[in-house]
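Okay, target-v9.txt is below, compact mmCIF, C-alpha atoms:
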```txt
# COMPACT_ATOMS: atom_id res chain seq x y z
CA MET L 22 22.84 1.93 -7.74
CA ALA L 23 19.19 1.11 -7.38
CA ASP L 24 18.42 -0.91 -10.43
CA TYR L 25 14.84 -2.07 -10.50
CA ASP L 26 13.06 -4.17 -13.00
CA VAL L 27 9.29 -4.34 -13.14
CA THR L 28 7.37 -7.05 -15.01
CA PHE L 29 3.59 -7.21 -15.13
CA ILE L 30 2.00 -10.59 -14.68
CA GLU L 31 -1.62 -9.48 -14.60
CA ARG L 32 -2.89 -6.01 -15.31
CA ASP L 33 -6.31 -4.51 -15.06
CA ASP L 34 -7.74 -1.13 -14.11
CA THR L 35 -8.34 -1.93 -10.47
CA GLU L 36 -6.26 -5.06 -10.03
CA ALA L 37 -2.70 -5.88 -10.96
CA ARG L 38 0.09 -8.24 -10.16
CA PHE L 39 3.65 -7.31 -10.93
CA LEU L 40 7.14 -8.47 -10.14
CA VAL L 41 9.78 -6.05 -8.91
CA ARG L 42 13.38 -7.20 -8.92
CA GLY L 43 16.20 -5.60 -6.98
CA VAL L 44 14.05 -4.14 -4.23
CA THR L 45 15.00 -4.54 -0.56
CA PRO L 46 12.42 -5.93 1.87
CA ALA L 47 12.41 -2.61 3.78
CA PHE L 48 11.61 -0.62 0.65
CA ALA L 49 9.00 -3.10 -0.56
CA ASN L 50 7.25 -2.94 2.78
CA GLY L 51 7.40 0.85 2.84
CA ILE L 52 5.68 1.02 -0.54
CA ARG L 53 3.04 -1.47 0.56
CA ARG L 54 2.30 0.40 3.77
CA ALA L 55 2.20 3.74 1.96
CA MET L 56 -0.31 2.41 -0.59
CA ILE L 57 -2.64 1.26 2.19
CA ALA L 58 -2.41 4.07 4.71
CA ASP L 59 -0.96 7.15 3.06
CA VAL L 60 -2.86 7.54 -0.19
CA PRO L 61 -5.95 9.66 0.47
CA THR L 62 -9.42 8.95 -0.89
CA PHE L 63 -12.77 10.67 -0.61
CA SER L 64 -15.27 9.12 1.72
CA ILE L 65 -18.55 10.28 3.23
CA ASP L 66 -17.89 11.55 6.73
CA THR L 67 -20.88 13.64 7.80
CA VAL L 68 -24.51 12.96 6.92
CA ARG L 69 -27.49 15.25 7.41
CA PHE L 70 -30.71 13.26 7.35
CA ILE L 71 -33.71 15.12 6.05
CA GLU L 72 -36.00 12.14 6.16
CA ASN L 73 -35.30 8.59 7.22
CA SER L 74 -38.36 6.44 7.59
CA SER L 75 -36.42 3.28 6.73
CA VAL L 76 -35.95 0.42 9.16
CA MET L 77 -32.39 1.40 10.03
CA PHE L 78 -31.03 4.08 12.32
CA ASP L 79 -29.34 7.15 10.88
CA GLU L 80 -26.00 6.01 12.29
CA GLN L 81 -26.18 2.64 10.60
CA LEU L 82 -26.89 4.21 7.24
CA ALA L 83 -24.12 6.74 7.79
CA LEU L 84 -21.63 3.90 8.31
CA ARG L 85 -22.79 2.24 5.10
CA LEU L 86 -22.51 5.50 3.19
CA GLY L 87 -18.97 5.97 4.49
CA LEU L 88 -17.91 2.65 3.05
CA ILE L 89 -18.97 3.48 -0.52
CA PRO L 90 -15.84 4.12 -2.58
CA LEU L 91 -15.78 7.49 -4.32
CA THR L 92 -13.59 8.34 -7.27
CA THR L 93 -10.72 10.53 -6.17
CA PRO L 94 -8.53 12.54 -8.51
CA LEU L 95 -5.01 12.75 -7.06
CA GLY L 96 -3.60 15.36 -9.40
CA GLY L 97 -3.65 18.09 -6.78
CA GLU L 98 -7.23 19.17 -7.51
CA PHE L 99 -8.16 18.63 -3.87
CA ASP L 100 -6.48 19.25 -0.55
CA GLU L 101 -6.78 17.36 2.68
CA ASP L 102 -10.14 17.99 4.38
CA ASP L 103 -11.73 19.39 1.22
CA THR L 104 -15.44 18.63 1.15
CA VAL L 105 -17.71 17.41 -1.61
CA THR L 106 -21.44 17.20 -1.01
CA LEU L 107 -23.56 14.30 -2.21
CA ALA L 108 -27.33 14.01 -2.04
CA LEU L 109 -29.66 11.04 -2.01
CA ASP L 110 -33.42 10.92 -2.35
CA VAL L 111 -35.12 7.56 -2.78
CA GLU L 112 -38.68 6.61 -2.02
CA GLY L 113 -39.89 3.05 -1.49
CA PRO L 114 -40.75 0.53 -2.61
CA GLU L 115 -37.22 0.56 -4.07
CA THR L 116 -33.65 -0.19 -3.11
CA ALA L 117 -31.35 2.77 -2.63
CA TYR L 118 -28.08 2.15 -4.44
CA SER L 119 -24.80 4.05 -4.41
CA GLY L 120 -25.60 5.03 -7.98
CA ASP L 121 -28.55 7.08 -6.67
CA LEU L 122 -26.13 9.46 -4.96
CA VAL L 123 -25.90 12.78 -6.76
CA SER L 124 -22.55 14.49 -6.36
CA SER L 125 -21.86 18.20 -6.45
CA ASP L 126 -18.55 17.50 -8.18
CA ASP L 127 -18.16 15.54 -11.41
CA MET L 128 -14.73 14.29 -10.37
CA VAL L 129 -16.00 12.73 -7.15
CA GLN L 130 -18.62 10.09 -7.95
CA PRO L 131 -19.50 6.70 -6.51
CA ALA L 132 -16.91 4.31 -7.96
CA GLU L 133 -19.50 1.53 -8.09
CA GLU L 134 -23.07 2.14 -9.19
CA ASP L 135 -24.59 -0.93 -7.58
CA VAL L 136 -23.68 -0.94 -3.92
CA PRO L 137 -26.99 -1.42 -2.11
CA ILE L 138 -27.54 1.03 0.74
CA ILE L 139 -30.93 -0.08 1.99
CA ASP L 140 -34.09 -1.74 0.78
CA LEU L 141 -37.03 0.63 1.21
CA LYS L 142 -40.53 -0.75 1.55
CA ASP L 143 -43.77 0.90 0.56
CA GLY L 144 -44.12 4.32 2.20
CA GLN L 145 -40.52 4.48 3.41
CA ARG L 146 -38.31 7.28 2.24
CA LEU L 147 -34.70 8.28 2.55
CA GLU L 148 -33.50 11.78 1.88
CA LEU L 149 -30.13 13.01 2.96
CA GLU L 150 -27.17 15.21 2.27
CA ALA L 151 -23.69 13.90 2.88
CA ASP L 152 -20.28 15.53 3.04
CA ALA L 153 -17.36 13.52 1.71
CA VAL L 154 -13.88 14.49 2.89
CA LEU L 155 -10.44 13.62 1.61
CA GLY L 156 -8.82 11.52 4.32
CA TYR L 157 -6.15 8.91 4.90
CA GLY L 158 -6.39 5.16 5.47
CA GLN L 159 -4.25 5.76 8.53
CA ASP L 160 -7.20 7.46 10.19
CA HIS L 161 -10.08 5.31 8.98
CA ALA L 162 -10.26 2.21 6.78
CA LYS L 163 -12.98 3.86 4.67
CA HIS L 164 -10.26 6.13 3.28
CA GLN L 165 -8.12 3.23 2.09
CA GLY L 166 -7.65 3.32 -1.66
CA GLY L 167 -5.75 0.05 -1.74
CA VAL L 168 -8.00 -2.67 -0.38
CA ALA L 169 -5.82 -5.70 -1.00
CA VAL L 170 -2.19 -4.75 -1.25
CA GLY L 171 0.51 -7.25 -0.48
CA TYR L 172 3.59 -8.94 -1.78
CA ARG L 173 5.28 -12.30 -1.78
CA HIS L 174 8.73 -13.46 -2.63
CA LEU L 175 9.16 -14.71 -6.16
CA GLN L 176 9.90 -18.42 -5.88
CA ARG L 177 12.31 -20.23 -8.09
CA VAL L 178 11.55 -23.84 -8.87
CA GLU L 179 14.47 -26.10 -9.75
CA VAL L 180 14.27 -29.64 -10.98
CA VAL L 181 16.82 -31.64 -8.99
CA GLY L 182 16.08 -35.17 -10.18
CA ASP L 183 13.40 -37.74 -10.89
CA ARG L 184 10.53 -38.33 -8.56
CA ASP L 185 10.73 -41.54 -6.57
CA GLU L 186 8.49 -44.05 -8.27
CA PHE L 187 6.91 -45.30 -5.03
CA ARG L 188 6.64 -41.97 -3.34
CA ASP L 189 3.49 -40.98 -1.48
CA ASP L 190 1.10 -39.12 -3.71
CA GLU L 191 1.10 -35.87 -1.73
CA PRO L 192 0.50 -32.42 -3.18
CA GLU L 193 3.24 -29.81 -2.94
CA ILE L 194 1.43 -26.55 -2.42
CA VAL L 195 2.98 -23.22 -3.42
CA ARG L 196 1.25 -19.87 -3.75
CA GLY L 197 2.14 -16.76 -5.61
CA VAL L 198 4.27 -16.74 -8.72
CA ILE L 199 7.05 -19.14 -9.58
CA GLU L 200 10.00 -18.71 -11.86
CA THR L 201 10.91 -21.80 -13.82
CA GLU L 202 14.43 -22.76 -14.81
CA GLY L 203 13.72 -21.35 -18.25
CA GLY L 204 12.98 -17.97 -16.65
CA GLU L 205 9.25 -18.17 -17.28
CA LEU L 206 6.94 -16.53 -14.72
CA VAL L 207 3.97 -18.71 -13.87
CA PRO L 208 1.17 -17.81 -11.42
CA THR L 209 0.60 -20.87 -9.27
CA GLU L 210 -3.16 -20.83 -9.94
CA GLU L 211 -2.32 -22.15 -13.40
CA PHE L 212 -1.46 -25.53 -11.90
CA ASP L 213 -3.85 -25.45 -8.96
CA ASN L 214 -1.07 -24.30 -6.62
CA ASP L 215 0.26 -27.84 -6.70
CA LEU L 216 3.78 -28.39 -8.01
CA THR L 217 3.14 -32.10 -8.58
CA GLU L 218 0.62 -31.05 -11.25
CA ARG L 219 3.25 -29.16 -13.17
CA TYR L 220 6.18 -31.46 -12.47
CA PRO L 221 4.57 -34.90 -12.13
CA ASP L 222 7.76 -36.87 -12.68
CA SER L 223 10.43 -34.65 -11.20
CA GLU L 224 11.79 -33.93 -7.78
CA VAL L 225 11.83 -30.15 -7.36
CA GLU L 226 13.24 -27.64 -4.93
CA VAL L 227 11.66 -24.25 -4.24
CA HIS L 228 13.70 -21.24 -3.16
CA ASP L 229 12.76 -17.64 -2.53
CA VAL L 230 14.49 -15.32 -4.98
CA GLU L 231 16.28 -12.63 -3.03
CA ASN L 232 15.03 -9.08 -3.47
CA ALA L 233 12.39 -10.14 -5.97
CA PHE L 234 8.85 -9.45 -4.84
CA VAL L 235 5.54 -10.07 -6.52
CA PHE L 236 3.09 -7.33 -5.58
CA ASP L 237 -0.63 -7.86 -5.60
CA VAL L 238 -2.43 -4.55 -5.76
CA GLU L 239 -6.16 -4.03 -5.81
CA THR L 240 -7.93 -0.71 -5.45
CA ASP L 241 -11.48 0.04 -4.32
CA GLY L 242 -12.15 1.91 -7.56
CA SER L 243 -11.23 5.35 -6.23
CA PHE L 244 -8.44 5.41 -8.82
CA ASP L 245 -6.65 2.87 -10.98
CA VAL L 246 -3.73 0.70 -9.92
CA ASP L 247 -1.09 2.83 -11.62
CA THR L 248 -2.27 5.91 -9.76
CA LEU L 249 -2.20 4.07 -6.45
CA VAL L 250 1.30 2.65 -6.93
CA GLN L 251 2.60 6.00 -8.08
CA ALA L 252 0.96 7.81 -5.18
CA GLY L 253 2.47 5.31 -2.73
CA ILE L 254 5.94 5.85 -4.14
CA ASP L 255 5.45 9.61 -4.20
CA SER L 256 4.35 9.58 -0.58
CA ILE L 257 7.68 8.04 0.48
CA ARG L 258 9.57 10.41 -1.80
CA GLY L 259 7.76 13.43 -0.41
CA ARG L 260 8.69 12.53 3.14
CA ALA L 261 12.32 11.93 2.21
CA GLU L 262 12.45 15.36 0.61
CA GLU L 263 10.80 16.97 3.59
CA LEU L 264 13.30 15.38 5.94
CA LYS L 265 16.18 16.37 3.71
CA GLU L 266 15.07 19.98 3.78
CA ALA L 267 14.60 19.90 7.54
CA VAL L 268 18.08 18.47 8.00
CA GLN L 269 19.70 21.10 5.81
CA LEU L 270 18.35 23.93 7.95
CA MET W 3 8.12 17.38 9.82
CA ASP W 4 9.46 18.50 13.19
CA LEU W 5 12.90 17.37 14.20
CA ARG W 6 14.33 17.38 17.69
CA VAL W 7 17.98 16.55 18.15
CA ILE W 8 18.47 14.49 21.28
CA GLU W 9 22.18 13.86 20.99
CA LYS W 10 24.70 15.11 18.51
CA GLU W 11 28.36 14.23 18.20
CA ASP W 12 30.54 14.08 15.11
CA ASN W 13 30.00 10.39 14.62
CA ALA W 14 26.70 9.89 16.36
CA LEU W 15 23.27 11.36 16.09
CA SER W 16 20.04 10.72 17.89
CA ILE W 17 17.08 12.58 16.51
CA GLU W 18 13.34 12.52 17.01
CA ILE W 19 11.28 12.74 13.83
CA ALA W 20 7.75 13.80 14.73
CA GLY W 21 4.78 12.43 12.88
CA GLU W 22 6.49 9.55 11.12
CA ASP W 23 5.81 5.84 11.51
CA HIS W 24 7.28 2.53 10.38
CA THR W 25 6.30 3.21 6.77
CA PHE W 26 8.98 5.82 6.30
CA MET W 27 11.37 5.09 9.17
CA ASN W 28 12.08 1.53 8.07
CA VAL W 29 12.72 2.63 4.50
CA LEU W 30 15.04 5.35 5.76
CA LYS W 31 16.85 2.98 8.11
CA GLY W 32 17.30 0.49 5.29
CA ALA W 33 18.69 3.20 3.02
CA LEU W 34 21.04 4.49 5.74
CA LEU W 35 22.49 1.02 6.24
CA GLU W 36 23.37 0.95 2.53
CA THR W 37 25.00 4.39 2.71
CA ASP W 38 28.80 4.69 2.76
CA GLY W 39 30.29 5.70 6.08
CA VAL W 40 27.34 4.61 8.17
CA ALA W 41 28.36 2.10 10.83
CA ALA W 42 24.98 1.62 12.44
CA ALA W 43 21.46 2.95 12.03
CA THR W 44 18.29 2.08 13.86
CA TYR W 45 15.05 3.61 15.02
CA ASP W 46 12.81 3.14 18.00
CA MET W 47 9.12 3.89 17.77
CA ASN W 48 8.37 3.89 21.48
CA PRO W 49 11.55 4.50 23.43
CA GLU W 50 11.42 2.85 26.81
CA GLN W 51 10.39 5.00 29.76
CA SER W 52 9.55 7.72 27.31
CA GLY W 53 6.46 8.71 29.18
CA GLY W 54 4.18 7.76 26.35
CA GLN W 55 6.30 9.19 23.57
CA THR W 56 5.61 7.42 20.31
CA ASP W 57 7.39 9.58 17.78
CA PRO W 58 10.27 7.61 16.32
CA VAL W 59 13.81 8.28 17.45
CA LEU W 60 16.43 7.66 14.80
CA THR W 61 19.95 6.81 15.94
CA ILE W 62 22.90 6.84 13.57
CA LYS W 63 26.54 6.01 14.21
CA THR W 64 29.07 6.77 11.51
CA GLU W 65 32.64 5.85 10.77
CA ASP W 66 35.45 8.38 11.27
CA GLY W 67 35.44 11.08 8.66
CA THR W 68 31.69 11.06 8.11
CA ASP W 69 29.50 13.53 9.91
CA ALA W 70 26.33 11.90 11.19
CA LEU W 71 24.11 14.71 9.94
CA ASP W 72 25.65 14.49 6.47
CA ALA W 73 25.04 10.76 6.54
CA LEU W 74 21.37 11.38 7.32
CA GLU W 75 21.15 13.72 4.36
CA ALA W 76 22.84 11.13 2.15
CA GLY W 77 20.31 8.60 3.42
CA THR W 78 17.37 10.77 2.42
CA ASP W 79 18.98 11.28 -0.99
CA ARG W 80 19.20 7.56 -1.36
CA VAL W 81 15.51 7.14 -0.59
CA ILE W 82 14.67 9.77 -3.20
CA GLU W 83 16.88 8.00 -5.76
CA LYS W 84 15.18 4.71 -5.00
CA THR W 85 11.70 6.13 -5.45
CA ASP W 86 12.71 7.76 -8.73
CA ALA W 87 14.26 4.52 -9.98
CA LEU W 88 11.14 2.55 -9.06
CA THR W 89 8.84 5.08 -10.73
CA GLU W 90 10.94 4.83 -13.87
CA ALA W 91 10.97 1.03 -13.82
CA TYR W 92 7.22 0.90 -13.22
CA GLU W 93 6.44 3.34 -16.00
CA SER W 94 8.64 1.56 -18.52
CA ALA W 95 6.88 -1.72 -17.72
CA ALA W 96 3.37 -0.22 -17.75
```
Just give me the structure of the file as structure tokens.
Amino acid sequence: MADYDVTFIERDDTEARFLVRGVTPAFANGIRRAMIADVPTFSIDTVRFIENSSVMFDEQLALRLGLIPLTTPLGGEFDEDDTVTLALDVEGPETAYSGDLVSSDDMVQPAEEDVPIIDLKDGQRLELEADAVLGYGQDHAKHQGGVAVGYRHLQRVEVVGDRDEFRDDEPEIVRGVIETEGGELVPTEEFDNDLTERYPDSEVEVHDVENAFVFDVETDGSFDVDTLVQAGIDSIRGRAEELKEAVQL
Amino acid sequence: MDLRVIEKEDNALSIEIAGEDHTFMNVLKGALLETDGVAAATYDMNPEQSGGQTDPVLTIKTEDGTDALDALEAGTDRVIEKTDALTEAYESAA
């Protein structure tokens, strides 16, 4: 029955673009939503300030700390609401960066070393202890592992004739990924999103390809793209299994 | 996952699925509509005059000869199959 075909167009650790054929809009959207809201990540939730003589209030710094992505292993090492403690001690004149955070757990570290927290002037000091919890994007955006997750229809471009010689010189803007008549997949950035750049002398028609979606997935560094996609799919699967069991009783 | 059956006949089922949202319900509804013997399937996230109820209520109608509860089980199986197929396709491309 379900016969899917996945093709990667771009692939990186934290960013990928891939085409899935044969997927229904409902399923595609479920996967997208699951990747955003139902894949847990660690994020700082409680902060104990020992000294804060910086120019910002404790609360403001706590918000900034919460937004720092932390690496999150999803192999079952941690449960929901598990806590990892991180400490920070920086004295001015210096800028406190996310990389200055010292974690109590090797697996949970700041995903980026160079997120500035605050610029400390001479004589200012920041010392704190923070508890990071495993939470869901559903509850707070700081727990979102997928920061830019979306999809678009694959668009098929067909040449239907020659371009009118005296036609107005207007761009034909498309975005996403197109499929040419030869079956080649081309990201539209390659021709400045303008079909008249790629087909200067032809009249073309653009159609959405049914059940073919190009996913754009970007993570905040908590885990790589493969982990996020897999966790999104597993989240849907887990709920289907849970419902199945509940129905059988 | 708490279930509460609201209405149950041979060919019709109305059931509240606590704690779920559009993410799963729409996938399930889509899978049910592709399942043999299912005549209609829909869900409502905030049933009218529900007194603030926001847990989704799934409603299934089936053709003669198919029990609605069996259809729901077949629907969940279909979702599981889909996720497995997508995992496989993703891994073979990766």
Please identify every residue of chain L that has at least one atom no more than 7 Å from any atom of chain W, counting only C-alpha atoms, and report them as a ChimeraX atom specification. /L:23-29,47-48,51,54-55,251,254,257-258,261-265,268
Surrounding residues of stretch 169-182 of chain L excluding itself and chain neighbours under 6 positions, 8 Å, all atoms listed in the file, as a PyMOL selection string: chain L and resi 40+53+56-57+197-202+223-240
Nearby residues (only C-alpha atoms) at most 9 Å from stretch 67-81 of chain L, same-chain spacing under 3 positions excluded, as a CSV table (one decimal) with C-alpha atoms, keeping the file's coordinate frame:
```
chain,number,residue,atom,x,y,z
L,84,LEU,CA,-21.6,3.9,8.3
L,85,ARG,CA,-22.8,2.2,5.1
L,86,LEU,CA,-22.5,5.5,3.2
L,87,GLY,CA,-19.0,6.0,4.5
L,110,ASP,CA,-33.4,10.9,-2.4
L,113,GLY,CA,-39.9,3.0,-1.5
L,139,ILE,CA,-30.9,-0.1,2.0
L,140,ASP,CA,-34.1,-1.7,0.8
L,141,LEU,CA,-37.0,0.6,1.2
L,142,LYS,CA,-40.5,-0.8,1.6
L,144,GLY,CA,-44.1,4.3,2.2
L,145,GLN,CA,-40.5,4.5,3.4
L,146,ARG,CA,-38.3,7.3,2.2
L,147,LEU,CA,-34.7,8.3,2.6
L,148,GLU,CA,-33.5,11.8,1.9
L,149,LEU,CA,-30.1,13.0,3.0
L,150,GLU,CA,-27.2,15.2,2.3
L,151,ALA,CA,-23.7,13.9,2.9
L,152,ASP,CA,-20.3,15.5,3.0
L,153,ALA,CA,-17.4,13.5,1.7
L,154,VAL,CA,-13.9,14.5,2.9
```
Quick one: residues within 10 Å of L:Thr92, only C-alpha atoms, excluding same-chain residues fewer than 6 positions away - as a PDB file with C-alpha atoms, keeping the file's coordinate frame?
```pdb
ATOM      1  CA  THR L  62      -9.420   8.950  -0.890  1.00  0.00           C
ATOM      2  CA  PHE L  63     -12.770  10.670  -0.610  1.00  0.00           C
ATOM      3  CA  SER L  64     -15.270   9.120   1.720  1.00  0.00           C
ATOM      4  CA  ASP L 127     -18.160  15.540 -11.410  1.00  0.00           C
ATOM      5  CA  MET L 128     -14.730  14.290 -10.370  1.00  0.00           C
ATOM      6  CA  VAL L 129     -16.000  12.730  -7.150  1.00  0.00           C
ATOM      7  CA  GLN L 130     -18.620  10.090  -7.950  1.00  0.00           C
ATOM      8  CA  PRO L 131     -19.500   6.700  -6.510  1.00  0.00           C
ATOM      9  CA  ALA L 132     -16.910   4.310  -7.960  1.00  0.00           C
ATOM     10  CA  GLU L 133     -19.500   1.530  -8.090  1.00  0.00           C
ATOM     11  CA  GLY L 166      -7.650   3.320  -1.660  1.00  0.00           C
ATOM     12  CA  ASP L 241     -11.480   0.040  -4.320  1.00  0.00           C
ATOM     13  CA  GLY L 242     -12.150   1.910  -7.560  1.00  0.00           C
ATOM     14  CA  SER L 243     -11.230   5.350  -6.230  1.00  0.00           C
ATOM     15  CA  PHE L 244      -8.440   5.410  -8.820  1.00  0.00           C
ATOM     16  CA  ASP L 245      -6.650   2.870 -10.980  1.00  0.00           C
TER      17      ASP L 245
END
```
Spatial neighbours of W:Ile62, max dist 12 Å, only C-alpha atoms, sep filter under 6 positions, as a short mmCIF file (atom, residue, chain, number, x, y, z; two decimals) with C-alpha atoms, keeping the file's coordinate frame:
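Result file is out19.cif:
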```
data_model
loop_
_atom_site.label_atom_id
_atom_site.label_comp_id
_atom_site.auth_asym_id
_atom_site.auth_seq_id
_atom_site.Cartn_x
_atom_site.Cartn_y
_atom_site.Cartn_z
CA VAL W 7 17.98 16.55 18.15
CA ILE W 8 18.47 14.49 21.28
CA GLU W 9 22.18 13.86 20.99
CA LYS W 10 24.70 15.11 18.51
CA GLU W 11 28.36 14.23 18.20
CA ASP W 12 30.54 14.08 15.11
CA ASN W 13 30.00 10.39 14.62
CA ALA W 14 26.70 9.89 16.36
CA LEU W 15 23.27 11.36 16.09
CA SER W 16 20.04 10.72 17.89
CA ILE W 17 17.08 12.58 16.51
CA GLU W 18 13.34 12.52 17.01
CA LEU W 30 15.04 5.35 5.76
CA LYS W 31 16.85 2.98 8.11
CA GLY W 32 17.30 0.49 5.29
CA ALA W 33 18.69 3.20 3.02
CA LEU W 34 21.04 4.49 5.74
CA LEU W 35 22.49 1.02 6.24
CA THR W 37 25.00 4.39 2.71
CA GLY W 39 30.29 5.70 6.08
CA VAL W 40 27.34 4.61 8.17
CA ALA W 41 28.36 2.10 10.83
CA ALA W 42 24.98 1.62 12.44
CA ALA W 43 21.46 2.95 12.03
CA THR W 44 18.29 2.08 13.86
CA TYR W 45 15.05 3.61 15.02
CA ASP W 46 12.81 3.14 18.00
CA THR W 68 31.69 11.06 8.11
CA ASP W 69 29.50 13.53 9.91
CA ALA W 70 26.33 11.90 11.19
CA LEU W 71 24.11 14.71 9.94
CA ASP W 72 25.65 14.49 6.47
CA ALA W 73 25.04 10.76 6.54
CA LEU W 74 21.37 11.38 7.32
CA GLU W 75 21.15 13.72 4.36
CA GLY W 77 20.31 8.60 3.42
#
```
Separation of atom CA of W:Gly21 from atom CA of W:Asp57, in Å and rounded to one decimal: 6.2 Å
Quote the spacing between atom CA of L:Tyr157 and atom CA of L:Ile65 in Å to one decimal place. 12.6 Å
Pairwise distance for atom CA of L:Pro137 and atom CA of L:Leu122, rounded to one decimal in Å: 11.3 Å
The centre and edge lengths of an axis-aligned box containing all atoms of stretch 75-81 of chain L present in the file, extended by 6 Å on each side, are to be given in Å to one decimal, as AutoDock Vina command-line options.
```
--center_x -31.2 --center_y 3.8 --center_z 9.5 --size_x 22.4 --size_y 18.7 --size_z 17.6
```
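For L:Asp222, the residues within 12 Å (counting only C-alpha atoms, excluding itself and residues fewer than 3 positions away along the chain) are L:Val180, L:Val181, L:Gly182, L:Asp183, L:Arg184, L:Asp185, L:Glu186, L:Phe187, L:Arg188, L:Asp190, L:Leu216, L:Thr217, L:Glu218, L:Arg219, L:Val225.
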